[in-house]
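*Asks:* Contents are mmCIF, C-alpha atoms and all ligand atoms; chains and numbers go by the auth columns; file name input-v3.cif:
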```cif
data_structure
#
loop_
_atom_site.group_PDB
_atom_site.id
_atom_site.type_symbol
_atom_site.label_atom_id
_atom_site.label_comp_id
_atom_site.label_asym_id
_atom_site.label_seq_id
_atom_site.Cartn_x
_atom_site.Cartn_y
_atom_site.Cartn_z
_atom_site.B_iso_or_equiv
_atom_site.auth_seq_id
_atom_site.auth_asym_id
ATOM 1 C CA MET A 1 -22.483 71.584 -74.600 0.00 1 A
ATOM 2 C CA ARG A 2 -23.156 68.557 -72.456 0.00 2 A
ATOM 3 C CA ILE A 3 -20.432 65.946 -72.435 0.00 3 A
ATOM 4 C CA THR A 4 -20.100 62.577 -70.799 0.00 4 A
ATOM 5 C CA VAL A 5 -16.595 61.304 -70.312 0.00 5 A
ATOM 6 C CA THR A 6 -15.036 58.560 -68.253 0.00 6 A
ATOM 7 C CA VAL A 7 -11.941 59.686 -66.386 0.00 7 A
ATOM 8 C CA ASP A 8 -9.841 57.201 -64.424 0.00 8 A
ATOM 9 C CA GLY A 9 -12.758 54.799 -64.368 0.00 9 A
ATOM 10 C CA THR A 10 -15.443 57.244 -63.240 0.00 10 A
ATOM 11 C CA ALA A 11 -18.099 58.646 -65.572 0.00 11 A
ATOM 12 C CA TYR A 12 -18.769 62.394 -65.479 0.00 12 A
ATOM 13 C CA THR A 13 -21.458 64.426 -67.225 0.00 13 A
ATOM 14 C CA ASP A 14 -20.931 68.180 -67.422 0.00 14 A
ATOM 15 C CA GLU A 15 -21.943 71.274 -69.292 0.00 15 A
ATOM 16 C CA VAL A 16 -18.847 72.801 -70.876 0.00 16 A
ATOM 17 C CA GLU A 17 -18.069 75.659 -73.195 0.00 17 A
ATOM 18 C CA PRO A 18 -17.075 74.426 -76.653 0.00 18 A
ATOM 19 C CA ARG A 19 -13.709 76.174 -76.311 0.00 19 A
ATOM 20 C CA LEU A 20 -12.776 74.512 -72.995 0.00 20 A
ATOM 21 C CA LEU A 21 -9.542 72.576 -73.253 0.00 21 A
ATOM 22 C CA LEU A 22 -9.420 69.035 -71.949 0.00 22 A
ATOM 23 C CA VAL A 23 -6.584 69.890 -69.560 0.00 23 A
ATOM 24 C CA HIS A 24 -8.652 72.648 -67.974 0.00 24 A
ATOM 25 C CA TYR A 25 -11.657 70.362 -67.739 0.00 25 A
ATOM 26 C CA LEU A 26 -9.546 67.742 -65.958 0.00 26 A
ATOM 27 C CA ARG A 27 -7.896 70.178 -63.584 0.00 27 A
ATOM 28 C CA ASP A 28 -10.526 72.828 -62.938 0.00 28 A
ATOM 29 C CA ARG A 29 -13.722 70.786 -63.091 0.00 29 A
ATOM 30 C CA LEU A 30 -12.616 67.382 -61.924 0.00 30 A
ATOM 31 C CA GLY A 31 -9.704 68.365 -59.678 0.00 31 A
ATOM 32 C CA LYS A 32 -7.287 66.101 -61.531 0.00 32 A
ATOM 33 C CA VAL A 33 -4.350 68.363 -60.825 0.00 33 A
ATOM 34 C CA GLY A 34 -1.849 65.563 -61.293 0.00 34 A
ATOM 35 C CA THR A 35 -2.034 66.488 -64.955 0.00 35 A
ATOM 36 C CA VAL A 36 -0.078 69.697 -65.227 0.00 36 A
ATOM 37 C CA ILE A 37 0.313 72.562 -67.668 0.00 37 A
ATOM 38 C CA GLY A 38 3.837 73.404 -68.715 0.00 38 A
ATOM 39 C CA CYS A 39 3.392 75.503 -71.824 0.00 39 A
ATOM 40 C CA ASP A 40 -0.229 75.460 -73.013 0.00 40 A
ATOM 41 C CA THR A 41 1.069 75.406 -76.568 0.00 41 A
ATOM 42 C CA GLY A 42 1.472 71.708 -77.293 0.00 42 A
ATOM 43 C CA ASN A 43 5.243 71.743 -76.940 0.00 43 A
ATOM 44 C CA CYS A 44 6.228 70.350 -73.559 0.00 44 A
ATOM 45 C CA GLY A 45 4.084 67.235 -73.068 0.00 45 A
ATOM 46 C CA ALA A 46 3.524 67.892 -69.365 0.00 46 A
ATOM 47 C CA CYS A 47 -0.233 67.639 -69.889 0.00 47 A
ATOM 48 C CA THR A 48 -0.130 64.217 -71.575 0.00 48 A
ATOM 49 C CA VAL A 49 -3.016 61.879 -70.788 0.00 49 A
ATOM 50 C CA HIS A 50 -4.538 58.951 -72.630 0.00 50 A
ATOM 51 C CA LEU A 51 -7.714 59.415 -74.625 0.00 51 A
ATOM 52 C CA ASN A 52 -9.263 56.162 -75.772 0.00 52 A
ATOM 53 C CA GLY A 53 -6.011 54.334 -75.195 0.00 53 A
ATOM 54 C CA HIS A 54 -3.602 56.712 -76.908 0.00 54 A
ATOM 55 C CA SER A 55 -1.517 59.497 -75.461 0.00 55 A
ATOM 56 C CA VAL A 56 -2.618 63.031 -76.271 0.00 56 A
ATOM 57 C CA LYS A 57 -1.497 66.433 -75.147 0.00 57 A
ATOM 58 C CA SER A 58 -4.577 67.526 -73.280 0.00 58 A
ATOM 59 C CA CYS A 59 -3.831 71.215 -73.872 0.00 59 A
ATOM 60 C CA SER A 60 -4.321 70.506 -77.573 0.00 60 A
ATOM 61 C CA VAL A 61 -7.652 68.696 -77.241 0.00 61 A
ATOM 62 C CA LEU A 62 -11.030 70.243 -76.555 0.00 62 A
ATOM 63 C CA ALA A 63 -13.097 68.750 -73.764 0.00 63 A
ATOM 64 C CA VAL A 64 -15.924 68.225 -76.229 0.00 64 A
ATOM 65 C CA GLN A 65 -13.604 66.025 -78.305 0.00 65 A
ATOM 66 C CA ALA A 66 -13.476 63.650 -75.340 0.00 66 A
ATOM 67 C CA ASP A 67 -17.268 63.325 -75.267 0.00 67 A
ATOM 68 C CA GLY A 68 -18.147 59.654 -75.044 0.00 68 A
ATOM 69 C CA GLY A 69 -14.508 58.821 -74.523 0.00 69 A
ATOM 70 C CA ASP A 70 -12.281 57.247 -71.925 0.00 70 A
ATOM 71 C CA VAL A 71 -9.529 59.314 -70.349 0.00 71 A
ATOM 72 C CA LEU A 72 -6.721 57.941 -68.213 0.00 72 A
ATOM 73 C CA THR A 73 -4.580 60.333 -66.197 0.00 73 A
ATOM 74 C CA VAL A 74 -1.546 59.700 -64.049 0.00 74 A
ATOM 75 C CA GLU A 75 -3.921 59.667 -61.078 0.00 75 A
ATOM 76 C CA GLY A 76 -5.615 56.562 -62.415 0.00 76 A
ATOM 77 C CA LEU A 77 -2.510 54.392 -62.535 0.00 77 A
ATOM 78 C CA SER A 78 -1.956 53.176 -59.004 0.00 78 A
ATOM 79 C CA ARG A 79 -4.004 50.296 -57.748 0.00 79 A
ATOM 80 C CA ASP A 80 -4.712 49.207 -54.202 0.00 80 A
ATOM 81 C CA GLY A 81 -2.201 51.713 -52.888 0.00 81 A
ATOM 82 C CA LYS A 82 0.609 50.422 -55.123 0.00 82 A
ATOM 83 C CA LEU A 83 2.305 52.507 -57.728 0.00 83 A
ATOM 84 C CA HIS A 84 2.086 51.382 -61.316 0.00 84 A
ATOM 85 C CA PRO A 85 5.332 49.695 -62.441 0.00 85 A
ATOM 86 C CA VAL A 86 6.189 52.701 -64.599 0.00 86 A
ATOM 87 C CA GLN A 87 5.696 55.050 -61.658 0.00 87 A
ATOM 88 C CA GLN A 88 7.797 52.778 -59.480 0.00 88 A
ATOM 89 C CA ALA A 89 10.538 52.597 -62.102 0.00 89 A
ATOM 90 C CA PHE A 90 10.684 56.394 -62.314 0.00 90 A
ATOM 91 C CA ARG A 91 10.954 56.554 -58.549 0.00 91 A
ATOM 92 C CA ASP A 92 13.585 53.842 -58.269 0.00 92 A
ATOM 93 C CA ASN A 93 15.740 55.303 -61.052 0.00 93 A
ATOM 94 C CA HIS A 94 15.586 58.864 -59.704 0.00 94 A
ATOM 95 C CA ALA A 95 14.014 59.914 -62.981 0.00 95 A
ATOM 96 C CA LEU A 96 12.705 63.189 -61.654 0.00 96 A
ATOM 97 C CA GLN A 97 14.097 66.320 -60.162 0.00 97 A
ATOM 98 C CA CYS A 98 11.353 68.914 -59.767 0.00 98 A
ATOM 99 C CA GLY A 99 8.860 66.347 -61.053 0.00 99 A
ATOM 100 C CA TYR A 100 6.938 68.752 -63.223 0.00 100 A
ATOM 101 C CA CYS A 101 7.387 66.775 -66.414 0.00 101 A
ATOM 102 C CA THR A 102 6.876 63.431 -64.686 0.00 102 A
ATOM 103 C CA PRO A 103 3.112 62.892 -65.139 0.00 103 A
ATOM 104 C CA GLY A 104 3.406 63.496 -68.871 0.00 104 A
ATOM 105 C CA MET A 105 6.582 61.423 -69.131 0.00 105 A
ATOM 106 C CA ILE A 106 4.878 58.503 -67.431 0.00 106 A
ATOM 107 C CA MET A 107 1.769 58.675 -69.606 0.00 107 A
ATOM 108 C CA GLN A 108 3.872 58.903 -72.756 0.00 108 A
ATOM 109 C CA THR A 109 6.005 56.009 -71.522 0.00 109 A
ATOM 110 C CA LEU A 110 2.889 53.849 -71.274 0.00 110 A
ATOM 111 C CA ASP A 111 2.076 54.651 -74.882 0.00 111 A
ATOM 112 C CA LEU A 112 5.651 53.989 -75.974 0.00 112 A
ATOM 113 C CA LEU A 113 5.836 50.635 -74.208 0.00 113 A
ATOM 114 C CA ALA A 114 2.489 49.583 -75.641 0.00 114 A
ATOM 115 C CA GLU A 115 4.026 50.087 -79.084 0.00 115 A
ATOM 116 C CA GLU A 116 7.456 48.711 -78.249 0.00 116 A
ATOM 117 C CA PRO A 117 7.712 46.528 -75.123 0.00 117 A
ATOM 118 C CA ASP A 118 11.512 46.236 -75.347 0.00 118 A
ATOM 119 C CA PRO A 119 12.811 49.574 -76.609 0.00 119 A
ATOM 120 C CA ASP A 120 16.480 50.361 -77.099 0.00 120 A
ATOM 121 C CA GLU A 121 17.801 53.713 -75.934 0.00 121 A
ATOM 122 C CA ARG A 122 17.255 55.417 -79.276 0.00 122 A
ATOM 123 C CA THR A 123 13.644 54.216 -79.381 0.00 123 A
ATOM 124 C CA VAL A 124 13.047 55.555 -75.886 0.00 124 A
ATOM 125 C CA ARG A 125 14.493 58.940 -76.763 0.00 125 A
ATOM 126 C CA LEU A 126 12.469 59.141 -79.975 0.00 126 A
ATOM 127 C CA GLY A 127 9.329 58.015 -78.182 0.00 127 A
ATOM 128 C CA LEU A 128 9.688 60.754 -75.592 0.00 128 A
ATOM 129 C CA GLU A 129 10.820 63.516 -77.933 0.00 129 A
ATOM 130 C CA GLY A 130 7.539 65.366 -77.471 0.00 130 A
ATOM 131 C CA ASN A 131 8.046 65.566 -73.720 0.00 131 A
ATOM 132 C CA LEU A 132 10.462 68.124 -72.358 0.00 132 A
ATOM 133 C CA CYS A 133 12.226 68.064 -69.005 0.00 133 A
ATOM 134 C CA ARG A 134 13.456 71.479 -68.020 0.00 134 A
ATOM 135 C CA CYS A 135 15.624 69.917 -65.354 0.00 135 A
ATOM 136 C CA THR A 136 17.295 68.012 -68.221 0.00 136 A
ATOM 137 C CA GLY A 137 17.433 64.734 -66.355 0.00 137 A
ATOM 138 C CA TYR A 138 16.963 62.678 -69.463 0.00 138 A
ATOM 139 C CA GLN A 139 19.487 59.929 -68.776 0.00 139 A
ATOM 140 C CA ASN A 140 17.661 58.710 -65.686 0.00 140 A
ATOM 141 C CA ILE A 141 14.342 58.960 -67.513 0.00 141 A
ATOM 142 C CA VAL A 142 15.675 56.691 -70.261 0.00 142 A
ATOM 143 C CA SER A 143 16.907 54.250 -67.608 0.00 143 A
ATOM 144 C CA ALA A 144 13.513 54.326 -65.920 0.00 144 A
ATOM 145 C CA VAL A 145 11.677 53.604 -69.145 0.00 145 A
ATOM 146 C CA GLN A 146 13.886 50.621 -69.894 0.00 146 A
ATOM 147 C CA ASP A 147 13.498 49.414 -66.318 0.00 147 A
ATOM 148 C CA ALA A 148 9.731 49.836 -66.592 0.00 148 A
ATOM 149 C CA ALA A 149 9.748 47.882 -69.839 0.00 149 A
ATOM 150 C CA GLN A 150 11.502 45.014 -68.109 0.00 150 A
ATOM 151 C CA ARG A 151 9.045 45.092 -65.213 0.00 151 A
ATOM 152 C CA LEU A 152 6.064 45.062 -67.560 0.00 152 A
ATOM 153 C CA ARG A 153 7.553 42.159 -69.521 0.00 153 A
ATOM 154 C CA GLY A 154 7.648 40.126 -66.350 0.00 154 A
ATOM 155 C CA GLY A 155 10.890 41.083 -64.681 0.00 155 A
ATOM 156 C CA GLY A 156 9.322 43.005 -61.815 0.00 156 A
ATOM 157 C CA THR A 157 10.506 42.822 -58.239 0.00 157 A
ATOM 158 C CA ALA A 158 8.512 41.807 -55.193 0.00 158 A
ATOM 159 C CA GLU A 159 7.912 45.476 -54.353 0.00 159 A
ATOM 160 C CA THR A 160 6.917 46.353 -57.860 0.00 160 A
ATOM 161 C CA PRO A 161 5.073 43.500 -59.485 0.00 161 A
ATOM 162 C CA ALA A 162 4.787 43.661 -63.214 0.00 162 A
ATOM 163 C CA GLY A 163 1.467 43.575 -64.921 0.00 163 A
ATOM 164 C CA ALA A 164 -1.297 45.639 -66.414 0.00 164 A
ATOM 165 C CA PRO A 165 -2.264 48.486 -64.151 0.00 165 A
ATOM 166 C CA LYS A 166 -5.903 48.935 -64.767 0.00 166 A
ATOM 167 C CA THR A 167 -8.565 46.730 -66.143 0.00 167 A
ATOM 168 C CA ASP A 168 -11.694 48.685 -65.300 0.00 168 A
ATOM 169 C CA THR A 169 -10.934 51.247 -68.000 0.00 169 A
ATOM 170 C CA ALA A 170 -9.790 48.832 -70.616 0.00 170 A
ATOM 171 C CA GLN A 171 -9.349 51.396 -73.350 0.00 171 A
ATOM 172 C CA GLY A 172 -7.318 53.605 -71.109 0.00 172 A
ATOM 173 C CA GLY A 173 -4.876 51.083 -69.679 0.00 173 A
ATOM 174 C CA VAL A 174 -1.759 49.582 -71.099 0.00 174 A
ATOM 175 C CA ARG A 175 -2.603 48.181 -74.472 0.00 175 A
HETATM 176 S S1 LIG B . 1.034 72.014 -71.443 0.00 1 B
HETATM 177 FE FE1 LIG B . 0.368 70.733 -73.057 0.00 1 B
HETATM 178 S S2 LIG B . 2.139 70.372 -74.232 0.00 1 B
HETATM 179 FE FE2 LIG B . 2.792 71.776 -72.706 0.00 1 B
HETATM 180 S S1 LIG B . 12.096 66.833 -63.489 0.00 2 B
HETATM 181 FE FE1 LIG B . 11.841 68.979 -63.594 0.00 2 B
HETATM 182 S S2 LIG B . 10.950 69.287 -65.532 0.00 2 B
HETATM 183 FE FE2 LIG B . 11.515 67.228 -65.547 0.00 2 B
#
```
For this file, write the structure as structure tokens.
*Replies:*
Amino acid sequence: MRITVTVDGTAYTDEVEPRLLLVHYLRDRLGKVGTVIGCDTGNCGACTVHLNGHSVKSCSVLAVQADGGDVLTVEGLSRDGKLHPVQQAFRDNHALQCGYCTPGMIMQTLDLLAEEPDPDERTVRLGLEGNLCRCTGYQNIVSAVQDAAQRLRGGGTAETPAGAPKTDTAQGGVR
């Protein structure tokens, strides 16, 4: 089947098998290897991207389901060489160890903060319950999410200005 999909602001048209998973399309066809595969069974959340403005586990979505859609991956977040405030917050709060879960955590965090811009700890933990960290560094991840929330609400620092990351893929950015 022929699909046309916008990924991180660029439109792609490709022939794909109907059974091809979105995560494999992103990684193997487009080279978007920042989106990783942790389990391939919909459990770990490592493959989380945004499809039409909402987080999805891309190992549980067919590429053909993204036809005509707008995908945002972790690789589409930085702008002009600056990390997105959520990326910067994860870095500043040491919210990663091996980093394998980090792309999915960040994409899910964007979805969570779009729903709840000022989440308490319980809300953060519930919002990230579909994302597993095998290094079990959850406390720093929670701190990073709350720090990111503050930055996005306007409390950013000079190094990490707050604000929407991406306007050229409006459906895929922070809502
Ligand atoms: S690789 Fe998709 S949820 Fe684990
Ligand atoms: S930092 Fe290693 S899996 Fe989360």
*Asks:* What does the list of residues within 7 Å of ligand LIG 1 (chain B) look like if you count all atoms listed in the file, written as a ChimeraX atom specification?
*Replies:* /A:36-48,57-60
*Asks:* In terms of the shortest atom-to-atom distance over only C-alpha atoms and all ligand atoms, which of A:Gln150, A:Thr6, A:Asn140, A:Gln87 is closest to ligand LIG 2 (chain B)?
*Replies:*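 Distance minimum relative to ligand LIG 2 (chain B) lands on A:Asn140.
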*Asks:* Would you kindly translate the PyMOL selection byres (((not hetatm)) within 9 of (chain B and resi 2)) into the concrete residues it picks from this file, as a list in words?
*Replies:*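 Given this file, the PyMOL selection byres (((not hetatm)) within 9 of (chain B and resi 2)) evaluates to Gly38, Ala46, Ala95, Leu96, Gln97, Cys98, Gly99, Tyr100, Cys101, Thr102, Met105, Leu132, Cys133, Arg134, Cys135, Thr136, Gly137, Tyr138 and Ile141 of chain A.
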*Asks:* Might you spell out which residues the PyMOL selection byres (((chain A and resi 109) around 9) and not hetatm) would select in the displayed file, as a ChimeraX atom specification?
*Replies:* /A:86,104-108,110-114,124,127-128,145,148
*Asks:* So which one's closest to A:Phe90, A:Thr4, A:Thr35, A:Thr13, A:Gln139? Using only C-alpha atoms, please.
*Replies:*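 So, comparing all the options, the nearest one is A:Gln139.
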*Asks:* What does the distance from atom CA of A:Leu51 to atom CA of A:Arg29 come to in Å, to one decimal?
*Replies:* 17.3 Å
*Asks:* In Å, with one decimal, what is the gap from atom CA of A:Leu126 to atom CA of A:Val71?
*Replies:*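 Distance between the two atoms: 24.0 Å.
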*Asks:* Nearest to A:Ile3 among A:Arg19, A:Arg153, A:Asn52, A:Gly69, with distances taken over all atoms listed in the file: which residue is it?
*Replies:*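 Checking each of A:Arg19, A:Arg153, A:Asn52, A:Gly69 against A:Ile3, counting all atoms listed in the file, the winner is A:Gly69.
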*Asks:* Would you kindly identify which residues have an atom no farther than 7 Å from (-11.8, 69.5, -75.2), using all atoms listed in the file and the file's own coordinates, and write them out as a CSV table (one decimal) with C-alpha atoms, in the coordinates of the input?
*Replies:*
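Printed below is result-v2.csv as written:
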```
chain,number,residue,atom,x,y,z
A,20,LEU,CA,-12.8,74.5,-73.0
A,21,LEU,CA,-9.5,72.6,-73.3
A,22,LEU,CA,-9.4,69.0,-71.9
A,61,VAL,CA,-7.7,68.7,-77.2
A,62,LEU,CA,-11.0,70.2,-76.6
A,63,ALA,CA,-13.1,68.8,-73.8
A,64,VAL,CA,-15.9,68.2,-76.2
A,65,GLN,CA,-13.6,66.0,-78.3
A,66,ALA,CA,-13.5,63.6,-75.3
```
*Asks:* Compile the contact shell of A:Val5 as a PyMOL selection string: residues with an atom at most 6 Å away, counting all atoms listed in the file, same-chain residues fewer than 4 positions apart removed.
*Replies:* chain A and resi 11-12+67-69
*Asks:* Would you mind exporting C-alpha atoms of the selected residues as a CSV table (one decimal), in the frame of the given file?
*Replies:*
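As written to disk, part05.csv reads:
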```csv
chain,number,residue,atom,x,y,z
A,11,ALA,CA,-18.1,58.6,-65.6
A,12,TYR,CA,-18.8,62.4,-65.5
A,67,ASP,CA,-17.3,63.3,-75.3
A,68,GLY,CA,-18.1,59.7,-75.0
A,69,GLY,CA,-14.5,58.8,-74.5
```
*Asks:* Would you list the contacts of A:Gln146 as a list in words, taking every protein, DNA or RNA residue within 9 Å and counting all atoms listed in the file, but skipping same-chain residues closer than 5 positions in sequence?
*Replies:*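 Final neighbour list, sorted by chain and number: Ala89, Asp118, Pro119, Asp120, Glu121, Val124, Ile141 and Arg151 of chain A.
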*Asks:* From the set A:Arg2, A:Thr73, A:Ala149, A:His50, which residue has the shortest atom-to-atom contact distance to A:Glu17, counting only C-alpha atoms?
*Replies:* A:Arg2
*Asks:* Go through A:His84, A:Leu77, A:Val23, A:Gly34 one by one, measure the shortest atom-to-atom distance of each to A:Gly9 using only C-alpha atoms, and give the residue with the smallest value.
*Replies:*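 The shortest atom-to-atom distance to A:Gly9 comes from A:Leu77.
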*Asks:* Quick one: distance from atom CA of A:Leu72 to atom CA of A:Tyr25 in Å, one decimal?
*Replies:*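 A separation of 13.4 Å between them.
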*Asks:* Between A:Leu83, A:Met1, A:Val142, A:Leu30, single out the one closest to A:Arg122, counting only C-alpha atoms.
*Replies:*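 Using only C-alpha atoms, A:Arg122 sits closest to A:Val142.
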